[in-house]
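Reviewing the structure listed below.
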Amino acid sequence: MAMLSGAADKLLDFTIAPGFSRIGWGARRALGLLDPIKTDLSGRTCVVTGANSGIGLEAVRQLAELGADVVMVGRNPERLEQARASFEGAVRGRALITTEVIDVSSLQSVRAGAARLLESHPQIDVLVNNAGVLLDSRQVSTDGIELTLATNVLGPFLLTELLTPALAAAASERPPARIINVSSGGMYSEAVQLDDLQSARQQWSGSAFYARTKRMQVMLTEYWAAQLADQNIVVHAMHPGWADTPGVESSLPTFHRIVGKALRTPAEGADTITWLAAAQEPARSSGGFWQDRAERPVNRRPGTASAAGDDQRLAAELEALIG
Ligand SMILES: NC(=O)c1ccc[n+]([C@@H]2O[C@H](COP(=O)([O-])OP(=O)(O)OC[C@H]3O[C@@H](n4cnc5c(N)ncnc54)[C@H](OP(=O)(O)O)[C@@H]3O)[C@@H](O)[C@H]2O)c1
């Protein structure tokens with residue numbers, strides 16, 4: 001049965017649309033590949049960015065249900081507080097859910113927020129870099145950086161680097177600490193242009209810019225996996241499939257209308273985040289790219305793969321942008 005379900009799982013992944021949609025979720029659950037997660041996370045602290053909406057909100061719920069204390073990170077204090085309040089009396093156990101306002105597209109906001117987090121939470125067991133945008137026009141951040149790159153890559157890169165001491169501190173008592181980068185299956189369509197990270201020489205395309213940043217997240221996952229191994233920090237990227245979230249509805253209205261009822265729920269999209277944070281299997285490896293609790297290929301289209309050493313070059317380019 002295990003061999004059969006493994007083959008069926010791979011077939012779903014290969015065929016993209018069924019695997020990414022709720023069909024894939026339902027089939028894998030029927031095959032016994034997505035049984036309820038039972039790990040007790042009490043005493044662990046998880047930080048989730050983009051926590052007031054969609055997949056992030058559901059990841060908070062699932063982690064708190066397993067007993068973890070969760071810090072919800074968001075850029076808008078009102079939306080964040082409203083989301084936190086929605087959990088009052090709605091989560092089993094004694095998990096503590098708190099908030100931290102950080103605009104991840106702003107380097108100044110990330111620096112200030114990370115300093116507050118290090119003060120309030122000297123040990124962080126899990127960091128989920130989930131906040132993300134797909135824009136409909138070229139915009140720049142408060143630092144003058146193309147906004148898709150600033151939100152999806154540069155801010156999370158700085159936040160992760162700044163929070164590493166707290167992850168290492170947690171790992172020294174409860175190894176391993178875990179970093180989870182929420183990427184997208186959209187990344188399969190694009191290669192990263194290391195000499196044009198802000199896509200300044202490209203004609204505007206929201207989905208292409210987004211796809212490149214999502215591939216960068218996977219490259220950074222491989223980079224950090226090597227960099228942080230000796231501190232007992234594992235790093236994974238995942239993609240949620242296609243989930244019906246406010247973000248998808250507003251940034252991809254036609255896709256949202258066409259795929260409609262075949263979209264997963266946000267909770268189904270968040271499941272692999274929670275599994276990567278809680279299960280034993282991903283604690284034993286680092287640098288993987290996952291969907292529905294199984295490791296997936298990083299490259300599917302010719303001409304999109306990165307070369308050896310590109311992950312280090314990307315990290316150096318980001319360091320240079322941070323200044
Ligand atoms: N849904 C899918 O099918 C799908 C597929 C592939 C990948 N993903 C990825 O999943 C992640 C979550 O997306 P979603 O579908 O749940 O979309 P969503 O409902 O729009 O959630 C995105 C979250 O990111 C936050 N965010 C955006 N910019 C931010 C900033 N500068 N600082 C702090 N927070 C910021 C948003 O906050 P506000 O409410 O303040 O805007 C929101 O909480 C994203 O990384 C996305 O790329 C989703």
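Order determines the names: the first chain of the structure tokens is A, the second B, and so forth; residues in each chain are numbered 1 upward, and ligands are numbered 1 upward as they are shown.
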
I need the strand (DSSP E or B) residues of segment 173-273 of chain A per DSSP on the backbone, written as a PDB file with N, CA and C atoms, in the first residue's frame.
```pdb
ATOM      1  N   ALA A 177      15.826  23.755  15.632  1.00  0.00           N
ATOM      2  CA  ALA A 177      14.913  24.845  15.302  1.00  0.00           C
ATOM      3  C   ALA A 177      14.645  24.758  13.798  1.00  0.00           C
ATOM      4  N   ARG A 178      13.565  25.390  13.369  1.00  0.00           N
ATOM      5  CA  ARG A 178      13.152  25.196  11.961  1.00  0.00           C
ATOM      6  C   ARG A 178      12.765  26.537  11.324  1.00  0.00           C
ATOM      7  N   ILE A 179      13.210  26.717  10.094  1.00  0.00           N
ATOM      8  CA  ILE A 179      12.783  27.867   9.284  1.00  0.00           C
ATOM      9  C   ILE A 179      11.985  27.301   8.117  1.00  0.00           C
ATOM     10  N   ILE A 180      10.803  27.874   7.885  1.00  0.00           N
ATOM     11  CA  ILE A 180       9.949  27.383   6.800  1.00  0.00           C
ATOM     12  C   ILE A 180       9.620  28.554   5.876  1.00  0.00           C
ATOM     13  N   ASN A 181      10.020  28.439   4.627  1.00  0.00           N
ATOM     14  CA  ASN A 181       9.784  29.493   3.648  1.00  0.00           C
ATOM     15  C   ASN A 181       8.624  29.095   2.739  1.00  0.00           C
ATOM     16  N   VAL A 182       7.588  29.932   2.743  1.00  0.00           N
ATOM     17  CA  VAL A 182       6.396  29.617   1.947  1.00  0.00           C
ATOM     18  C   VAL A 182       6.603  30.153   0.525  1.00  0.00           C
ATOM     19  N   ILE A 233      19.845  24.183  13.048  1.00  0.00           N
ATOM     20  CA  ILE A 233      18.647  24.822  12.483  1.00  0.00           C
ATOM     21  C   ILE A 233      18.400  24.198  11.109  1.00  0.00           C
ATOM     22  N   VAL A 234      17.221  23.599  10.922  1.00  0.00           N
ATOM     23  CA  VAL A 234      16.890  23.060   9.601  1.00  0.00           C
ATOM     24  C   VAL A 234      16.006  24.070   8.870  1.00  0.00           C
ATOM     25  N   VAL A 235      16.104  24.054   7.544  1.00  0.00           N
ATOM     26  CA  VAL A 235      15.412  25.048   6.727  1.00  0.00           C
ATOM     27  C   VAL A 235      14.695  24.323   5.592  1.00  0.00           C
ATOM     28  N   HIS A 236      13.410  24.607   5.421  1.00  0.00           N
ATOM     29  CA  HIS A 236      12.665  23.986   4.333  1.00  0.00           C
ATOM     30  C   HIS A 236      11.830  25.026   3.606  1.00  0.00           C
ATOM     31  N   ALA A 237      11.604  24.789   2.327  1.00  0.00           N
ATOM     32  CA  ALA A 237      10.635  25.580   1.568  1.00  0.00           C
ATOM     33  C   ALA A 237       9.451  24.666   1.266  1.00  0.00           C
ATOM     34  N   MET A 238       8.305  25.277   1.061  1.00  0.00           N
ATOM     35  CA  MET A 238       7.128  24.477   0.696  1.00  0.00           C
ATOM     36  C   MET A 238       6.270  25.288  -0.264  1.00  0.00           C
ATOM     37  N   ALA A 243      -4.730  27.570  -3.043  1.00  0.00           N
ATOM     38  CA  ALA A 243      -5.697  27.709  -1.946  1.00  0.00           C
ATOM     39  C   ALA A 243      -6.513  28.992  -2.111  1.00  0.00           C
ATOM     40  N   ARG A 264      -8.105  24.685  -2.931  1.00  0.00           N
ATOM     41  CA  ARG A 264      -8.077  24.127  -1.569  1.00  0.00           C
ATOM     42  C   ARG A 264      -8.579  25.168  -0.570  1.00  0.00           C
TER      43      ARG A 264
END
```

Please report, as a Markdown table, each residue of chain A lying at most 8 Å from ligand 1, together with the nearest pair of atoms and the separation in Å rounded to one decimal; use only C-alpha atoms and all ligand atoms, and order rows by chain and ascending residue number.
```
| residue | atom | partner | partner_atom_place_in_ligand_line | distance |
| --- | --- | --- | --- | --- |
| A:Thr49 | CA | ligand 1 | 34 (N) | 6.1 |
| A:Gly50 | CA | ligand 1 | 43 (O) | 3.5 |
| A:Ala51 | CA | ligand 1 | 43 (O) | 5.0 |
| A:Asn52 | CA | ligand 1 | 43 (O) | 4.4 |
| A:Ser53 | CA | ligand 1 | 43 (O) | 4.2 |
| A:Gly54 | CA | ligand 1 | 16 (O) | 3.5 |
| A:Ile55 | CA | ligand 1 | 16 (O) | 3.8 |
| A:Gly56 | CA | ligand 1 | 16 (O) | 5.7 |
| A:Leu57 | CA | ligand 1 | 43 (O) | 7.4 |
| A:Val73 | CA | ligand 1 | 33 (C) | 6.8 |
| A:Gly74 | CA | ligand 1 | 34 (N) | 4.5 |
| A:Arg75 | CA | ligand 1 | 33 (C) | 4.3 |
| A:Asn76 | CA | ligand 1 | 40 (O) | 5.2 |
| A:Arg79 | CA | ligand 1 | 39 (O) | 6.6 |
| A:Leu80 | CA | ligand 1 | 40 (O) | 7.8 |
| A:Val101 | CA | ligand 1 | 33 (C) | 7.9 |
| A:Ile102 | CA | ligand 1 | 33 (C) | 5.8 |
| A:Asp103 | CA | ligand 1 | 32 (N) | 3.6 |
| A:Val104 | CA | ligand 1 | 32 (N) | 3.9 |
| A:Ser105 | CA | ligand 1 | 31 (N) | 4.3 |
| A:Ser106 | CA | ligand 1 | 31 (N) | 7.1 |
| A:Asn129 | CA | ligand 1 | 45 (O) | 7.5 |
| A:Asn130 | CA | ligand 1 | 45 (O) | 4.6 |
| A:Ala131 | CA | ligand 1 | 24 (O) | 3.5 |
| A:Gly132 | CA | ligand 1 | 45 (O) | 3.7 |
| A:Val133 | CA | ligand 1 | 27 (C) | 5.4 |
| A:Leu134 | CA | ligand 1 | 47 (O) | 7.1 |
| A:Ala150 | CA | ligand 1 | 31 (N) | 7.9 |
| A:Thr151 | CA | ligand 1 | 31 (N) | 5.2 |
| A:Asn152 | CA | ligand 1 | 45 (O) | 6.9 |
| A:Val182 | CA | ligand 1 | 45 (O) | 5.3 |
| A:Ser183 | CA | ligand 1 | 7 (C) | 5.4 |
| A:Ser184 | CA | ligand 1 | 6 (C) | 3.8 |
| A:Gly185 | CA | ligand 1 | 6 (C) | 6.0 |
| A:Gly186 | CA | ligand 1 | 6 (C) | 6.9 |
| A:Tyr210 | CA | ligand 1 | 47 (O) | 7.8 |
| A:Lys214 | CA | ligand 1 | 47 (O) | 7.3 |
| A:His239 | CA | ligand 1 | 6 (C) | 5.6 |
| A:Pro240 | CA | ligand 1 | 5 (C) | 5.4 |
| A:Gly241 | CA | ligand 1 | 5 (C) | 5.4 |
| A:Trp242 | CA | ligand 1 | 3 (O) | 3.4 |
| A:Ala243 | CA | ligand 1 | 3 (O) | 3.7 |
| A:Asp244 | CA | ligand 1 | 1 (N) | 5.7 |
| A:Thr245 | CA | ligand 1 | 19 (O) | 4.7 |
| A:Pro246 | CA | ligand 1 | 19 (O) | 4.3 |
| A:Gly247 | CA | ligand 1 | 20 (O) | 3.0 |
| A:Val248 | CA | ligand 1 | 15 (O) | 5.4 |
| A:Ser250 | CA | ligand 1 | 20 (O) | 7.9 |
| A:Leu263 | CA | ligand 1 | 3 (O) | 7.6 |
| A:Arg264 | CA | ligand 1 | 3 (O) | 7.7 |
| A:Pro266 | CA | ligand 1 | 16 (O) | 6.9 |
| A:Gly269 | CA | ligand 1 | 1 (N) | 7.0 |
```

Keeping only N, CA and C atoms, take the residues you just selected and write them out as a short mmCIF file (atom, residue, chain, number, x, y, z; two decimals), in the first residue's frame.
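Output saved as again32.cif:
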```cif
data_model
loop_
_atom_site.label_atom_id
_atom_site.label_comp_id
_atom_site.auth_asym_id
_atom_site.auth_seq_id
_atom_site.Cartn_x
_atom_site.Cartn_y
_atom_site.Cartn_z
N THR A 49 4.90 35.08 9.79
CA THR A 49 4.64 36.36 9.13
C THR A 49 3.44 36.24 8.20
N GLY A 50 2.82 37.39 7.91
CA GLY A 50 1.61 37.36 7.08
C GLY A 50 0.53 36.55 7.77
N ALA A 51 0.41 36.78 9.11
CA ALA A 51 -0.38 35.88 9.95
C ALA A 51 -1.85 36.28 10.06
N ASN A 52 -2.22 37.44 9.48
CA ASN A 52 -3.60 37.88 9.70
C ASN A 52 -4.56 37.44 8.59
N SER A 53 -4.07 36.65 7.63
CA SER A 53 -4.92 36.34 6.48
C SER A 53 -4.56 34.98 5.90
N GLY A 54 -5.51 34.38 5.20
CA GLY A 54 -5.25 33.22 4.35
C GLY A 54 -4.48 32.09 5.00
N ILE A 55 -3.41 31.69 4.35
CA ILE A 55 -2.62 30.53 4.76
C ILE A 55 -1.91 30.79 6.09
N GLY A 56 -1.40 32.02 6.28
CA GLY A 56 -0.72 32.35 7.53
C GLY A 56 -1.64 32.24 8.73
N LEU A 57 -2.86 32.74 8.57
CA LEU A 57 -3.85 32.69 9.65
C LEU A 57 -4.13 31.24 10.04
N VAL A 73 2.85 37.89 13.04
CA VAL A 73 3.48 39.09 12.51
C VAL A 73 2.64 39.61 11.33
N GLY A 74 2.34 40.91 11.39
CA GLY A 74 1.60 41.53 10.27
C GLY A 74 1.94 43.00 10.20
N ARG A 75 1.58 43.62 9.07
CA ARG A 75 1.99 45.03 8.90
C ARG A 75 0.94 46.01 9.38
N ASN A 76 -0.31 45.55 9.48
CA ASN A 76 -1.40 46.47 9.82
C ASN A 76 -1.93 46.14 11.22
N ARG A 79 -5.78 45.03 11.45
CA ARG A 79 -6.06 43.71 10.86
C ARG A 79 -5.44 42.60 11.71
N LEU A 80 -4.25 42.90 12.25
CA LEU A 80 -3.55 41.89 13.04
C LEU A 80 -4.30 41.60 14.34
N VAL A 101 3.93 43.92 15.15
CA VAL A 101 3.72 44.64 13.90
C VAL A 101 5.05 44.85 13.18
N ILE A 102 5.17 44.23 12.02
CA ILE A 102 6.36 44.43 11.17
C ILE A 102 5.88 44.49 9.72
N ASP A 103 6.31 45.53 9.02
CA ASP A 103 6.12 45.56 7.58
C ASP A 103 7.37 44.92 6.98
N VAL A 104 7.24 43.69 6.48
CA VAL A 104 8.45 42.98 6.04
C VAL A 104 9.09 43.59 4.79
N SER A 105 8.37 44.50 4.11
CA SER A 105 8.98 45.13 2.93
C SER A 105 9.88 46.30 3.31
N SER A 106 9.86 46.71 4.59
CA SER A 106 10.65 47.86 5.04
C SER A 106 11.82 47.38 5.91
N ASN A 129 8.30 32.12 7.25
CA ASN A 129 8.30 33.28 6.35
C ASN A 129 7.18 33.08 5.33
N ASN A 130 5.99 33.58 5.70
CA ASN A 130 4.81 33.34 4.86
C ASN A 130 4.32 34.59 4.12
N ALA A 131 4.57 35.78 4.68
CA ALA A 131 4.04 37.01 4.06
C ALA A 131 4.48 37.08 2.61
N GLY A 132 3.56 37.46 1.73
CA GLY A 132 3.94 37.55 0.33
C GLY A 132 2.94 38.37 -0.47
N VAL A 133 3.41 38.93 -1.59
CA VAL A 133 2.53 39.68 -2.47
C VAL A 133 2.77 39.31 -3.93
N LEU A 134 1.70 39.43 -4.72
CA LEU A 134 1.78 39.36 -6.19
C LEU A 134 1.10 40.65 -6.65
N ALA A 150 11.21 43.17 -2.33
CA ALA A 150 11.34 43.67 -0.96
C ALA A 150 10.49 42.84 0.01
N THR A 151 9.25 42.50 -0.40
CA THR A 151 8.32 41.80 0.49
C THR A 151 8.60 40.30 0.57
N ASN A 152 8.83 39.70 -0.60
CA ASN A 152 8.92 38.23 -0.63
C ASN A 152 10.31 37.71 -0.31
N VAL A 182 7.59 29.93 2.74
CA VAL A 182 6.40 29.62 1.95
C VAL A 182 6.60 30.15 0.53
N SER A 183 6.92 29.24 -0.37
CA SER A 183 7.17 29.59 -1.77
C SER A 183 5.89 29.35 -2.58
N SER A 184 6.05 29.03 -3.84
CA SER A 184 4.87 28.81 -4.68
C SER A 184 5.25 27.88 -5.83
N GLY A 185 4.28 27.06 -6.26
CA GLY A 185 4.50 26.24 -7.45
C GLY A 185 4.72 27.11 -8.67
N GLY A 186 4.30 28.40 -8.58
CA GLY A 186 4.53 29.34 -9.68
C GLY A 186 6.01 29.50 -9.99
N TYR A 210 6.79 37.74 -9.43
CA TYR A 210 6.43 36.91 -8.26
C TYR A 210 7.13 35.56 -8.34
N LYS A 214 9.79 33.75 -5.76
CA LYS A 214 9.46 32.48 -5.10
C LYS A 214 10.58 31.46 -5.34
N HIS A 239 5.37 24.60 -0.97
CA HIS A 239 4.33 25.35 -1.67
C HIS A 239 2.98 24.76 -1.31
N PRO A 240 2.00 25.66 -1.16
CA PRO A 240 0.72 25.22 -0.59
C PRO A 240 -0.26 24.63 -1.60
N GLY A 241 0.15 24.52 -2.88
CA GLY A 241 -0.85 24.19 -3.90
C GLY A 241 -1.63 25.46 -4.20
N TRP A 242 -2.89 25.29 -4.64
CA TRP A 242 -3.73 26.46 -4.95
C TRP A 242 -4.81 26.56 -3.89
N ALA A 243 -4.73 27.57 -3.04
CA ALA A 243 -5.70 27.71 -1.95
C ALA A 243 -6.51 28.99 -2.11
N ASP A 244 -7.76 28.91 -1.70
CA ASP A 244 -8.69 30.03 -1.85
C ASP A 244 -8.49 31.03 -0.70
N THR A 245 -7.65 32.03 -0.95
CA THR A 245 -7.33 33.02 0.09
C THR A 245 -7.68 34.41 -0.43
N PRO A 246 -7.77 35.40 0.49
CA PRO A 246 -8.00 36.78 0.04
C PRO A 246 -6.93 37.22 -0.96
N GLY A 247 -5.69 36.76 -0.75
CA GLY A 247 -4.61 37.16 -1.65
C GLY A 247 -4.83 36.65 -3.07
N VAL A 248 -5.23 35.40 -3.22
CA VAL A 248 -5.47 34.84 -4.56
C VAL A 248 -6.67 35.53 -5.20
N SER A 250 -7.77 38.56 -4.76
CA SER A 250 -7.53 39.95 -5.19
C SER A 250 -6.43 40.04 -6.25
N LEU A 263 -10.23 25.03 -5.80
CA LEU A 263 -9.18 25.54 -4.91
C LEU A 263 -9.25 24.83 -3.56
N ARG A 264 -8.10 24.68 -2.93
CA ARG A 264 -8.08 24.13 -1.57
C ARG A 264 -8.58 25.17 -0.57
N PRO A 266 -7.77 27.39 2.83
CA PRO A 266 -6.52 27.89 3.41
C PRO A 266 -5.91 26.90 4.39
N GLY A 269 -4.02 24.41 2.51
CA GLY A 269 -2.78 25.03 2.03
C GLY A 269 -1.73 25.14 3.12
#
```

Problem - Nearest to Leu220 of chain A by atom-to-atom distance, counting only C-alpha atoms, from A:Glu88, A:Glu281, A:Glu78, A:Glu161 - result: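 Checking each candidate against Leu220 of chain A, we get A:Glu161 as the closest.
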
Exercise for the section: Per DSSP on the backbone, filter segment 70-245 of chain A down to the residues in alpha helix (DSSP H) and report them as a PyMOL selection string. Expected result: chain A and resi 77-85+107-120+147-149+155-173+206-228

Problem - Pick from A:Leu252, A:Ala320, A:Val298, A:Leu117, whichever lies nearest to Met187 of chain A using only C-alpha atoms - result: A:Val298

Practice task
Find the residues around Glu222 of chain A up to 8 Å (only C-alpha atoms counted), leave out those fewer than 2 positions away in its own chain, and share them as a ChimeraX atom specification.
Solution key: /A:218-220,224-226,235,286-288,311

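Closest approach to Cys46 of chain A among A:Gly113, A:Gly309, A:Gly67, A:Gly32 is made by A:Gly67 (distances from only C-alpha atoms).
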
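Nearest-residue note for Arg29 of chain A: choosing from A:Arg293, A:Ile322, A:Gln108, A:Ile273, the minimum distance belongs to A:Arg293, counting only C-alpha atoms.
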
Fill in the blank from the handout: If you count only C-alpha atoms, the residue of A:Ala262, A:Val140, A:Ala277, A:Leu314 closest to Arg212 of chain A turns out to be A:Leu314

Completion exercise
For Asn232 of chain A, the closest of A:Ala59, A:Leu167, A:Leu197, A:Ile258 counting only C-alpha atoms is A:Leu167

Practice task
Please provide the set of residues having any atom within 10 Å of Gly24 of chain A, restricted to only C-alpha atoms, with same-chain residues fewer than 2 positions apart removed, written as number ranges by chain.
Solution key: A: 8-9, 11-13, 15-22, 26-30, 241, 262, 264, 292

Write the selection just made, keeping N, CA and C atoms, as an mmCIF file, in the first residue's frame?
```cif
data_model
loop_
_atom_site.group_PDB
_atom_site.id
_atom_site.type_symbol
_atom_site.label_atom_id
_atom_site.label_comp_id
_atom_site.auth_asym_id
_atom_site.auth_seq_id
_atom_site.Cartn_x
_atom_site.Cartn_y
_atom_site.Cartn_z
ATOM 1 N N ALA A 8 1.006 6.964 -6.636
ATOM 2 C CA ALA A 8 -0.158 7.816 -6.925
ATOM 3 C C ALA A 8 0.145 9.269 -6.557
ATOM 4 N N ASP A 9 0.856 9.464 -5.461
ATOM 5 C CA ASP A 9 1.229 10.814 -5.024
ATOM 6 C C ASP A 9 2.109 11.483 -6.074
ATOM 7 N N LEU A 11 2.310 10.771 -9.263
ATOM 8 C CA LEU A 11 1.530 11.013 -10.473
ATOM 9 C C LEU A 11 0.738 12.320 -10.322
ATOM 10 N N LEU A 12 0.143 12.522 -9.149
ATOM 11 C CA LEU A 12 -0.605 13.760 -8.903
ATOM 12 C C LEU A 12 0.308 14.970 -9.019
ATOM 13 N N ASP A 13 1.523 14.851 -8.476
ATOM 14 C CA ASP A 13 2.471 15.968 -8.511
ATOM 15 C C ASP A 13 2.857 16.275 -9.952
ATOM 16 N N THR A 15 1.206 15.800 -12.666
ATOM 17 C CA THR A 15 0.131 16.343 -13.508
ATOM 18 C C THR A 15 -0.266 17.766 -13.092
ATOM 19 N N ILE A 16 0.440 18.383 -12.172
ATOM 20 C CA ILE A 16 0.266 19.774 -11.729
ATOM 21 C C ILE A 16 -1.163 20.114 -11.295
ATOM 22 N N ALA A 17 -2.085 20.380 -12.240
ATOM 23 C CA ALA A 17 -3.385 20.923 -11.827
ATOM 24 C C ALA A 17 -4.098 20.042 -10.802
ATOM 25 N N PRO A 18 -4.264 18.730 -11.059
ATOM 26 C CA PRO A 18 -4.930 17.928 -10.022
ATOM 27 C C PRO A 18 -4.154 17.937 -8.702
ATOM 28 N N GLY A 19 -2.824 17.848 -8.793
ATOM 29 C CA GLY A 19 -2.010 17.781 -7.565
ATOM 30 C C GLY A 19 -2.053 19.057 -6.758
ATOM 31 N N PHE A 20 -2.122 20.204 -7.443
ATOM 32 C CA PHE A 20 -2.111 21.484 -6.738
ATOM 33 C C PHE A 20 -3.502 21.832 -6.186
ATOM 34 N N SER A 21 -4.543 21.286 -6.790
ATOM 35 C CA SER A 21 -5.912 21.669 -6.417
ATOM 36 C C SER A 21 -6.406 20.814 -5.241
ATOM 37 N N ARG A 22 -7.665 20.976 -4.925
ATOM 38 C CA ARG A 22 -8.220 20.186 -3.805
ATOM 39 C C ARG A 22 -8.365 18.709 -4.174
ATOM 40 N N GLY A 26 -7.516 15.845 -1.575
ATOM 41 C CA GLY A 26 -8.486 14.794 -1.225
ATOM 42 C C GLY A 26 -7.919 13.411 -1.522
ATOM 43 N N ALA A 27 -7.248 13.271 -2.674
ATOM 44 C CA ALA A 27 -6.704 11.960 -3.050
ATOM 45 C C ALA A 27 -5.617 11.537 -2.069
ATOM 46 N N ARG A 28 -4.737 12.472 -1.731
ATOM 47 C CA ARG A 28 -3.643 12.107 -0.806
ATOM 48 C C ARG A 28 -4.187 11.796 0.585
ATOM 49 N N ARG A 29 -5.243 12.502 0.969
ATOM 50 C CA ARG A 29 -5.819 12.190 2.287
ATOM 51 C C ARG A 29 -6.445 10.794 2.261
ATOM 52 N N ALA A 30 -7.119 10.492 1.156
ATOM 53 C CA ALA A 30 -7.725 9.152 1.037
ATOM 54 C C ALA A 30 -6.651 8.064 1.044
ATOM 55 N N GLY A 241 0.154 24.517 -2.878
ATOM 56 C CA GLY A 241 -0.848 24.188 -3.895
ATOM 57 C C GLY A 241 -1.627 25.461 -4.197
ATOM 58 N N ALA A 262 -12.388 24.229 -7.194
ATOM 59 C CA ALA A 262 -11.283 23.263 -7.129
ATOM 60 C C ALA A 262 -10.129 23.768 -6.264
ATOM 61 N N ARG A 264 -8.105 24.685 -2.931
ATOM 62 C CA ARG A 264 -8.077 24.127 -1.569
ATOM 63 C C ARG A 264 -8.579 25.168 -0.570
ATOM 64 N N ASP A 292 2.330 18.975 0.259
ATOM 65 C CA ASP A 292 1.560 17.852 0.799
ATOM 66 C C ASP A 292 2.467 16.818 1.465
#
```

Fill in the blank from the handout: Separating atom CA of Gln231 of chain A from atom CA of Glu65 of chain A, to the nearest tenth of an Å, is a gap of 27.8 Å
